[in-house]
Amino acid sequence: MSFLKHYRSRFYCFLLLSLCFIAPGIPLPASGQSRQGIIRGRVLDPLGDAVPHAKATLLQNSTVVESQTTDPEGEFEFSAVNSGRYYVRVEATGFQTGESETAFLPPRGTLEIDLTLPIGTLRQQFVISATGTELPASRVGASLSVIDRQQLDAANKLDVLEFLRLVPGAQIVQTGQRGGSTSLFLRGGNANFNKVLIDGVPANDIGGGFDFANFSTTGVERLEVLRSPNSVLYGADSLGSVVNVATRRGASGVPEFTYSAGGGNFRTVRQEASLAGAFRQFDYFSDFSRFDTRNSLPNSAFHNGTYAGNFGWKANRATDVRGTVRHTAVALGLPNALDFYGIPDDSSQRARTTHIGITAQNQTTARWHNRVRFASSRLKSRFRNPSPTGEAFDPFGFGANFLGNQVTVQGADGFSVTGRAILDFGGAYPQLFDVNTTRQSLYAQSDYSLKPDLTATFGFRFENARGFTESSSSRSPTDRKNFSTFLQAHGRIWRRVYLTAGVGLEDNAVFGFAATPRVSLGYYLRGGTSGAFFNDTKLRFNFGTGIKEPSIFHEGSSLFNLLAGLTDGTVLISQFGISPIGPERSRSFDFGFDQGLWDGRARLGVTFFHNRFFDLIEFVSKDVLPQLGVPPAAAAATPFGATINSSSFRALGVETEFVAQLNNGIRLQGEYTYLGAVVIESFSSGALEPAINPAFPGIPIGAFSPLVGNRPFRRAPHSGSLVVGYSKGNFGLTLSGYFVGRQDGSSFLSDPFFGNSLLLPNRNFNSGYQKVDWSGRYSLNRGITFYTSIENLLSQRYQPAPGFPAPPLTFRSGVKIRLGGEGWR
């Protein structure tokens, strides 16, 4: 849109100005002055109020350097401090002891360290997804979930997807066993509605897709999930949620090396090695893991090699530069839906992803902070079906298709069918499908503190997204240059009221201009009080809109693109005013409360949410396009139809969550979500002309998509999780359970005559299930830890995705060796 294009030149000026600030920082003192610096900061309670008379202790390598008491404003200052790496420990009556991260003080520099002290034993979490700047979760109104390193280490699980199961409103669906394609459905949204960031680097494929199957916990420090859209900060793809992953950093002045090795059933082997540390103004972290398993099914072997790196440099007293990289290479066999075909397919897939980020931050003045980031994500994958599998069958004389074995498909609603389905269709083999995409972006953000509790933020992003998808018979390329800008304010607008409000403006190469407002509000009915059973009571309200750009396939098969490829297409586009395909959209609001309990040892949260997803893209046949206002002449010019923004559904429900940290080392965490989702509008052929299986007369069936009025596929109305952990000294145990109710779905099967005899009614098609896991550890000493992990402890046979059996009981055991680090002798 011309409005945004008008500001592009201003963005480059803004970027140049930011880089100028990064180079010099704050002017240095004269050469004759002392090289000693200052470490100062404030001690605050969870609401952001000052904590006076607290004891602040400065430490270096676990050695006390100096102690002092905070003034009435909660401030402390250590002067005449030699250059080096330090951290601050704070103790105050009525609060838990707080400790900062280790940070580097440059010569003649000033280091600002603010600490927020929790009242009870629950850890104070810091979040960034809601506002774009790091804040305590207690000072934002957004619905957020954080899984920190302690939880990651205690559970001893290898995949990020296992921890996403614990997020309220989240449902994980994996097609088969380890390595099978894995989707996250959050609050009823589609799997490609989640913006995924790795150290601030957008990691989604073009169009929003992201496969969590290949995302190991290697190098992960923390997971943060914003359970609502935020296209203000993150632009397109943040239609339903934001998943923010942070990589570990080195902090120890003594290099720390770790190595772990273990194995289990199904010929499972895993090794991991890491090196981390810090030297003067540099910090480094490097981690590599390799995982291999045969799984329990034929042709389902899986390999994952992952590298994660995080390197920081304190350029001067005001400027930090950080580079991150994450590279993953996977290979797996794809036996297909074995329970539907009775024999494994011989397909396979290989994929490589690389995510790189370089970020420079500068504290330009006491109130003005600037950030510039270059980000690059590369995805390359190949699916290969070398030859048809099954028995050749040609009833019509047009060429053979290939059938699986005879099976019985049983639905959770009691219906069942028996027969043979088409496993592979005829045609030329081998069949290949390649994806090769690159997304590179330059992002600038400027934060200005209007007053201590109120910050205004301006940001601009330029992105170049390019690549292609290619099958054995066609190729779909794209090259997009997208611009977005936003303006936001966040902070405490009254004594107990915290507000975030902003608007994002997107200028997309495919759909053009879109605006996305967002408002988040947090209000404390009462603050926290030490010694009380009922502590702080916080009310939350959020409203926001989100957008998602089309995938390469949806762009290439859109009405606009199909007509543009015709000889007279330009005339038709001009004559009938055909526009490019638009963005998919969402409108979301939620409200709820958080209640602190038992002197800060526990917290209860309840959230009601209502999401409406509309202008969703679906393929509509050429006969139906005129019903949506497409001129008959334009519709007739398409080969079969086109993708168009015509579908919508809504999802509402309630989330409850509870967490408690007891003094005896026991941690309890649980959540339950009720989801009521229904399709409101769809013009796909399956929705307008439902399939009928003669075995179930009078029951319309959505063969490939849900019918209007029914629930979306693979989203259970009831889901929840429960975790019980114990950690004391050298010993730790964790028991976790994940529970999912029955879901609507389809077998997606065609019988040998392309009929519907293998389709079942959609309602409650897939059975509910329970996944119970157990893990334990024992540390012989600081340097040697033994661990064991059992997944699917009850060895339940279930299908998270219809036709794809989950792994039975799997176990791993191993040892982790640690050398160096703080406290090493």
# chains A, B, ... in the order shown; residues from 1 in each chain; ligands from 1

call {"tool": "residues_around", "arguments": {"residues": "Glu618 of chain A", "least_positions_apart": "5", "cutoff": "7 Å", "atoms": "only C-alpha atoms", "output": "list in words"}}
result
Thr643, Ile644, Asn645, Ser646, Ser647 and Ser684 of chain A

call {"tool": "residues_around", "arguments": {"residues": "segment 780-790 of chain A", "least_positions_apart": "5", "cutoff": "8 Å", "atoms": "only C-alpha atoms", "output": "PyMOL selection string"}}
result
chain A and resi 156-157+730+773-775+809-819

call {"tool": "write_last_selection", "arguments": {"atoms": "C-alpha atoms", "output": "short mmCIF file (atom, residue, chain, number, x, y, z; two decimals), in the first residue's frame"}}
result
data_model
loop_
_atom_site.label_atom_id
_atom_site.label_comp_id
_atom_site.auth_asym_id
_atom_site.auth_seq_id
_atom_site.Cartn_x
_atom_site.Cartn_y
_atom_site.Cartn_z
CA ASN A 156 14.45 -35.50 30.51
CA LYS A 157 12.48 -35.56 27.26
CA ASN A 730 21.05 -35.61 44.06
CA ASP A 773 5.57 -40.87 31.10
CA TRP A 774 8.11 -41.30 33.89
CA SER A 775 11.69 -40.12 34.30
CA LEU A 809 6.34 -48.37 25.88
CA THR A 810 9.78 -46.93 25.11
CA PHE A 811 12.64 -46.53 27.55
CA ARG A 812 16.05 -44.86 27.56
CA SER A 813 18.85 -44.88 30.10
CA GLY A 814 22.20 -43.19 30.09
CA VAL A 815 24.80 -41.07 31.82
CA LYS A 816 25.69 -37.38 31.67
CA ILE A 817 29.22 -36.17 32.43
CA ARG A 818 29.98 -32.58 33.32
CA LEU A 819 33.44 -31.01 33.51
#

call {"tool": "residues_around", "arguments": {"residues": "Phe486 of chain A", "least_positions_apart": "2", "cutoff": "7 Å", "atoms": "only C-alpha atoms", "output": "list in words"}}
result
Val232, Leu233, Phe458, Gly459, Phe460, Ser484, Gln488, Val503, Gly504 and Leu505 of chain A

call {"tool": "closest_residue", "arguments": {"among": "A:Tyr443, A:Tyr341, A:Phe302, A:Phe78", "to": "Leu403 of chain A", "atoms": "only C-alpha atoms"}}
result
A:Tyr341

call {"tool": "closest_residue", "arguments": {"among": "A:Phe560, A:Phe541, A:Tyr234, A:Phe433", "to": "Phe608 of chain A", "atoms": "only C-alpha atoms"}}
result
A:Phe541

call {"tool": "residues_around", "arguments": {"residues": "segment 67-74 of chain A", "least_positions_apart": "6", "cutoff": "7 Å", "atoms": "only C-alpha atoms", "output": "tab-separated table (two decimals) with N, CA and C atoms, in the first residue's frame"}}
result
chain	number	residue	atom	x	y	z
A	42	ARG	N	17.71	-1.73	40.63
A	42	ARG	CA	16.56	-1.59	41.54
A	42	ARG	C	16.05	-2.98	41.91
A	43	VAL	N	15.50	-3.07	43.10
A	43	VAL	CA	14.85	-4.29	43.57
A	43	VAL	C	13.35	-3.99	43.65
A	44	LEU	N	12.56	-4.82	42.94
A	44	LEU	CA	11.12	-4.58	42.81
A	44	LEU	C	10.33	-5.79	43.24
A	50	ALA	N	8.92	-0.61	44.52
A	50	ALA	CA	10.24	-0.71	45.10
A	50	ALA	C	10.23	-1.57	46.36
A	51	VAL	N	11.33	-2.29	46.58
A	51	VAL	CA	11.54	-3.06	47.81
A	51	VAL	C	12.68	-2.40	48.57
A	52	PRO	N	12.40	-1.56	49.57
A	52	PRO	CA	13.47	-0.90	50.33
A	52	PRO	C	14.08	-1.85	51.37
A	53	HIS	N	15.26	-1.48	51.83
A	53	HIS	CA	15.93	-2.18	52.94
A	53	HIS	C	16.22	-3.65	52.61
A	54	ALA	N	16.37	-3.95	51.35
A	54	ALA	CA	16.76	-5.30	50.96
A	54	ALA	C	18.28	-5.40	50.93
A	55	LYS	N	18.80	-6.58	51.19
A	55	LYS	CA	20.24	-6.80	51.17
A	55	LYS	C	20.66	-7.21	49.77
A	56	ALA	N	21.49	-6.38	49.14
A	56	ALA	CA	22.00	-6.66	47.80
A	56	ALA	C	23.47	-7.03	47.90
A	57	THR	N	23.81	-8.18	47.34
A	57	THR	CA	25.18	-8.68	47.43
A	57	THR	C	25.74	-8.87	46.03
A	58	LEU	N	26.91	-8.29	45.79
A	58	LEU	CA	27.58	-8.43	44.51
A	58	LEU	C	28.56	-9.60	44.59

call {"tool": "residues_around", "arguments": {"residues": "Arg384 of chain A", "least_positions_apart": "5", "cutoff": "9 Å", "atoms": "only C-alpha atoms", "output": "PyMOL selection string"}}
result
chain A and resi 346-350+430-434

call {"tool": "residues_around", "arguments": {"residues": "segment 93-103 of chain A", "least_positions_apart": "3", "cutoff": "9 Å", "atoms": "only C-alpha atoms", "output": "PyMOL selection string"}}
result
chain A and resi 45+53-54+60+84-90+111+113-121+251-252+281+529-531

call {"tool": "write_last_selection", "arguments": {"atoms": "N, CA, C and O atoms", "output": "compact mmCIF listing (two decimals), in the first residue's frame"}}
result
# COMPACT_ATOMS: atom_id res chain seq x y z
N ASP A 45 9.08 -5.55 43.63
CA ASP A 45 8.18 -6.67 43.92
C ASP A 45 7.48 -7.07 42.61
O ASP A 45 7.69 -6.45 41.57
N HIS A 53 15.26 -1.48 51.83
CA HIS A 53 15.93 -2.18 52.94
C HIS A 53 16.22 -3.65 52.61
O HIS A 53 16.28 -4.49 53.51
N ALA A 54 16.37 -3.95 51.35
CA ALA A 54 16.76 -5.30 50.96
C ALA A 54 18.28 -5.40 50.93
O ALA A 54 18.99 -4.42 50.67
N GLN A 60 31.24 -12.43 42.34
CA GLN A 60 32.02 -12.78 41.16
C GLN A 60 32.60 -14.17 41.38
O GLN A 60 33.31 -14.41 42.35
N GLY A 84 34.81 -7.07 34.79
CA GLY A 84 34.67 -8.52 34.94
C GLY A 84 33.22 -8.94 34.84
O GLY A 84 32.33 -8.14 34.51
N ARG A 85 32.96 -10.22 35.15
CA ARG A 85 31.61 -10.78 35.09
C ARG A 85 31.09 -10.92 36.51
O ARG A 85 31.73 -11.55 37.37
N TYR A 86 29.87 -10.38 36.73
CA TYR A 86 29.30 -10.32 38.08
C TYR A 86 27.82 -10.71 38.03
O TYR A 86 27.17 -10.67 36.98
N TYR A 87 27.32 -11.05 39.21
CA TYR A 87 25.88 -11.19 39.39
C TYR A 87 25.52 -10.69 40.77
O TYR A 87 26.39 -10.53 41.66
N VAL A 88 24.22 -10.42 40.99
CA VAL A 88 23.74 -9.83 42.23
C VAL A 88 22.72 -10.76 42.87
O VAL A 88 21.84 -11.29 42.18
N ARG A 89 22.87 -10.96 44.17
CA ARG A 89 21.90 -11.73 44.96
C ARG A 89 21.20 -10.78 45.91
O ARG A 89 21.84 -9.94 46.54
N VAL A 90 19.87 -10.90 46.01
CA VAL A 90 19.08 -9.99 46.84
C VAL A 90 18.24 -10.79 47.82
O VAL A 90 17.58 -11.77 47.44
N LEU A 111 26.76 -0.96 34.59
CA LEU A 111 25.92 -2.14 34.39
C LEU A 111 24.64 -1.99 35.19
O LEU A 111 24.69 -1.76 36.40
N ILE A 113 21.31 -3.65 36.62
CA ILE A 113 20.74 -4.94 36.97
C ILE A 113 19.51 -4.72 37.86
O ILE A 113 19.64 -4.27 39.00
N ASP A 114 18.34 -4.96 37.31
CA ASP A 114 17.10 -4.87 38.08
C ASP A 114 16.62 -6.27 38.42
O ASP A 114 16.68 -7.18 37.57
N LEU A 115 16.14 -6.46 39.64
CA LEU A 115 15.65 -7.76 40.07
C LEU A 115 14.22 -7.65 40.57
O LEU A 115 13.86 -6.69 41.26
N THR A 116 13.41 -8.63 40.21
CA THR A 116 12.05 -8.75 40.71
C THR A 116 11.99 -9.95 41.64
O THR A 116 12.31 -11.07 41.23
N LEU A 117 11.59 -9.73 42.88
CA LEU A 117 11.57 -10.80 43.89
C LEU A 117 10.19 -11.43 43.98
O LEU A 117 9.20 -10.73 44.13
N PRO A 118 10.10 -12.76 43.88
CA PRO A 118 8.81 -13.43 44.10
C PRO A 118 8.50 -13.51 45.60
O PRO A 118 9.40 -13.53 46.44
N ILE A 119 7.19 -13.57 45.89
CA ILE A 119 6.79 -13.67 47.30
C ILE A 119 6.91 -15.10 47.78
O ILE A 119 7.36 -15.37 48.90
N GLY A 120 6.50 -16.07 46.96
CA GLY A 120 6.52 -17.47 47.38
C GLY A 120 7.57 -18.26 46.64
O GLY A 120 8.49 -17.73 46.01
N THR A 121 7.42 -19.58 46.69
CA THR A 121 8.42 -20.49 46.12
C THR A 121 8.29 -20.63 44.61
O THR A 121 9.19 -21.16 43.97
N ALA A 251 27.80 -18.65 30.68
CA ALA A 251 27.91 -17.64 31.73
C ALA A 251 29.12 -17.87 32.63
O ALA A 251 29.60 -16.94 33.27
N SER A 252 29.62 -19.08 32.69
CA SER A 252 30.69 -19.42 33.63
C SER A 252 32.04 -18.93 33.13
O SER A 252 32.39 -19.09 31.96
N GLN A 281 34.35 -9.92 27.76
CA GLN A 281 33.08 -9.44 27.19
C GLN A 281 32.45 -10.44 26.23
O GLN A 281 31.44 -10.14 25.58
N THR A 529 0.67 -10.62 49.51
CA THR A 529 1.02 -10.37 50.90
C THR A 529 1.67 -11.60 51.49
O THR A 529 1.09 -12.69 51.43
N SER A 530 2.84 -11.46 52.05
CA SER A 530 3.53 -12.59 52.63
C SER A 530 2.77 -13.12 53.84
O SER A 530 2.26 -12.34 54.67
N GLY A 531 2.64 -14.44 53.91
CA GLY A 531 1.97 -15.07 55.04
C GLY A 531 0.50 -15.31 54.86
O GLY A 531 -0.13 -15.96 55.70

call {"tool": "closest_residue", "arguments": {"among": "A:Tyr429, A:Phe126, A:Phe658, A:Phe210", "to": "Ser377 of chain A", "atoms": "only C-alpha atoms"}}
result
A:Phe210

call {"tool": "closest_residue", "arguments": {"among": "A:Val173, A:Ala360, A:Leu226, A:Tyr524", "to": "Asn766 of chain A", "atoms": "only C-alpha atoms"}}
result
A:Val173

call {"tool": "residues_around", "arguments": {"residues": "Lys538 of chain A", "least_positions_apart": "6", "cutoff": "12 Å", "atoms": "only C-alpha atoms", "output": "number ranges by chain"}}
result
A: 46-47, 137-143, 496-498, 521-528, 591-596, 603-607

call {"tool": "closest_residue", "arguments": {"among": "A:Phe753, A:Val624, A:Pro344, A:Ala80", "to": "Phe396 of chain A", "atoms": "only C-alpha atoms"}}
result
A:Phe753

call {"tool": "closest_residue", "arguments": {"among": "A:Ala635, A:Leu135, A:Phe704, A:Arg178", "to": "Thr455 of chain A", "atoms": "only C-alpha atoms"}}
result
A:Leu135

call {"tool": "atom_distance", "arguments": {"atom1": "atom CA of Leu454 of chain A", "atom2": "atom CA of Arg367 of chain A"}}
result
10.6 Å

call {"tool": "decode", "arguments": {"residues": "segment 317-342 of chain A", "atoms": "N, CA, C and O atoms", "output": "compact mmCIF listing (two decimals), in the first residue's frame"}}
result
# COMPACT_ATOMS: atom_id res chain seq x y z
N ARG A 317 30.15 -0.34 26.57
CA ARG A 317 29.29 -0.29 27.75
C ARG A 317 27.81 -0.18 27.40
O ARG A 317 26.96 -0.47 28.24
N ALA A 318 27.49 0.22 26.17
CA ALA A 318 26.09 0.42 25.81
C ALA A 318 25.59 -0.55 24.75
O ALA A 318 24.41 -0.57 24.45
N THR A 319 26.48 -1.36 24.18
CA THR A 319 26.13 -2.13 22.99
C THR A 319 26.43 -3.61 23.18
O THR A 319 27.53 -3.98 23.63
N ASP A 320 25.47 -4.45 22.81
CA ASP A 320 25.64 -5.90 22.80
C ASP A 320 25.38 -6.41 21.40
O ASP A 320 24.48 -5.94 20.70
N VAL A 321 26.16 -7.38 20.99
CA VAL A 321 25.96 -8.07 19.71
C VAL A 321 25.86 -9.56 20.00
O VAL A 321 26.68 -10.11 20.75
N ARG A 322 24.86 -10.22 19.39
CA ARG A 322 24.65 -11.64 19.65
C ARG A 322 24.31 -12.36 18.35
O ARG A 322 23.51 -11.87 17.55
N GLY A 323 24.94 -13.52 18.17
CA GLY A 323 24.65 -14.36 17.02
C GLY A 323 24.16 -15.72 17.48
O GLY A 323 24.70 -16.31 18.42
N THR A 324 23.12 -16.21 16.84
CA THR A 324 22.57 -17.53 17.16
C THR A 324 22.42 -18.34 15.88
O THR A 324 22.19 -17.78 14.80
N VAL A 325 22.52 -19.65 16.01
CA VAL A 325 22.34 -20.54 14.87
C VAL A 325 21.74 -21.85 15.37
O VAL A 325 22.06 -22.31 16.47
N ARG A 326 20.85 -22.40 14.57
CA ARG A 326 20.29 -23.71 14.85
C ARG A 326 20.13 -24.44 13.52
O ARG A 326 19.46 -23.95 12.61
N HIS A 327 20.78 -25.60 13.43
CA HIS A 327 20.74 -26.38 12.20
C HIS A 327 20.29 -27.79 12.53
O HIS A 327 20.78 -28.41 13.48
N THR A 328 19.34 -28.30 11.75
CA THR A 328 18.80 -29.64 11.97
C THR A 328 18.80 -30.41 10.65
O THR A 328 18.39 -29.86 9.62
N ALA A 329 19.25 -31.66 10.72
CA ALA A 329 19.20 -32.56 9.57
C ALA A 329 18.50 -33.84 10.00
O ALA A 329 18.90 -34.46 10.99
N VAL A 330 17.44 -34.21 9.27
CA VAL A 330 16.66 -35.39 9.65
C VAL A 330 16.48 -36.29 8.43
O VAL A 330 16.50 -35.84 7.28
N ALA A 331 16.27 -37.57 8.73
CA ALA A 331 15.92 -38.56 7.72
C ALA A 331 14.98 -39.56 8.37
O ALA A 331 15.21 -39.96 9.52
N LEU A 332 13.93 -39.95 7.68
CA LEU A 332 12.97 -40.87 8.27
C LEU A 332 12.25 -41.68 7.20
O LEU A 332 12.09 -41.23 6.07
N GLY A 333 11.84 -42.86 7.61
CA GLY A 333 10.97 -43.66 6.78
C GLY A 333 9.53 -43.34 7.05
O GLY A 333 9.15 -42.97 8.17
N LEU A 334 8.67 -43.47 6.01
CA LEU A 334 7.26 -43.09 6.12
C LEU A 334 6.39 -44.30 5.74
O LEU A 334 6.10 -44.52 4.57
N PRO A 335 5.96 -45.09 6.72
CA PRO A 335 5.16 -46.29 6.42
C PRO A 335 3.70 -45.98 6.12
O PRO A 335 2.94 -46.89 5.81
N ASN A 336 3.30 -44.68 6.24
CA ASN A 336 1.92 -44.26 6.03
C ASN A 336 1.03 -44.78 7.15
O ASN A 336 1.51 -45.24 8.17
N ALA A 337 -0.30 -44.67 6.97
CA ALA A 337 -1.25 -45.05 8.02
C ALA A 337 -1.38 -46.57 8.06
O ALA A 337 -2.27 -47.17 7.46
N LEU A 338 -0.48 -47.20 8.79
CA LEU A 338 -0.35 -48.66 8.76
C LEU A 338 -1.64 -49.36 9.20
O LEU A 338 -1.98 -50.42 8.67
N ASP A 339 -2.37 -48.77 10.14
CA ASP A 339 -3.61 -49.41 10.60
C ASP A 339 -4.71 -49.35 9.57
O ASP A 339 -5.71 -50.08 9.67
N PHE A 340 -4.59 -48.50 8.55
CA PHE A 340 -5.60 -48.41 7.49
C PHE A 340 -5.25 -49.26 6.27
O PHE A 340 -6.13 -49.56 5.46
N TYR A 341 -3.97 -49.60 6.12
CA TYR A 341 -3.55 -50.32 4.92
C TYR A 341 -3.01 -51.73 5.19
O TYR A 341 -2.95 -52.55 4.29
N GLY A 342 -2.58 -51.98 6.41
CA GLY A 342 -2.11 -53.30 6.77
C GLY A 342 -0.72 -53.63 6.30
O GLY A 342 -0.13 -54.63 6.72
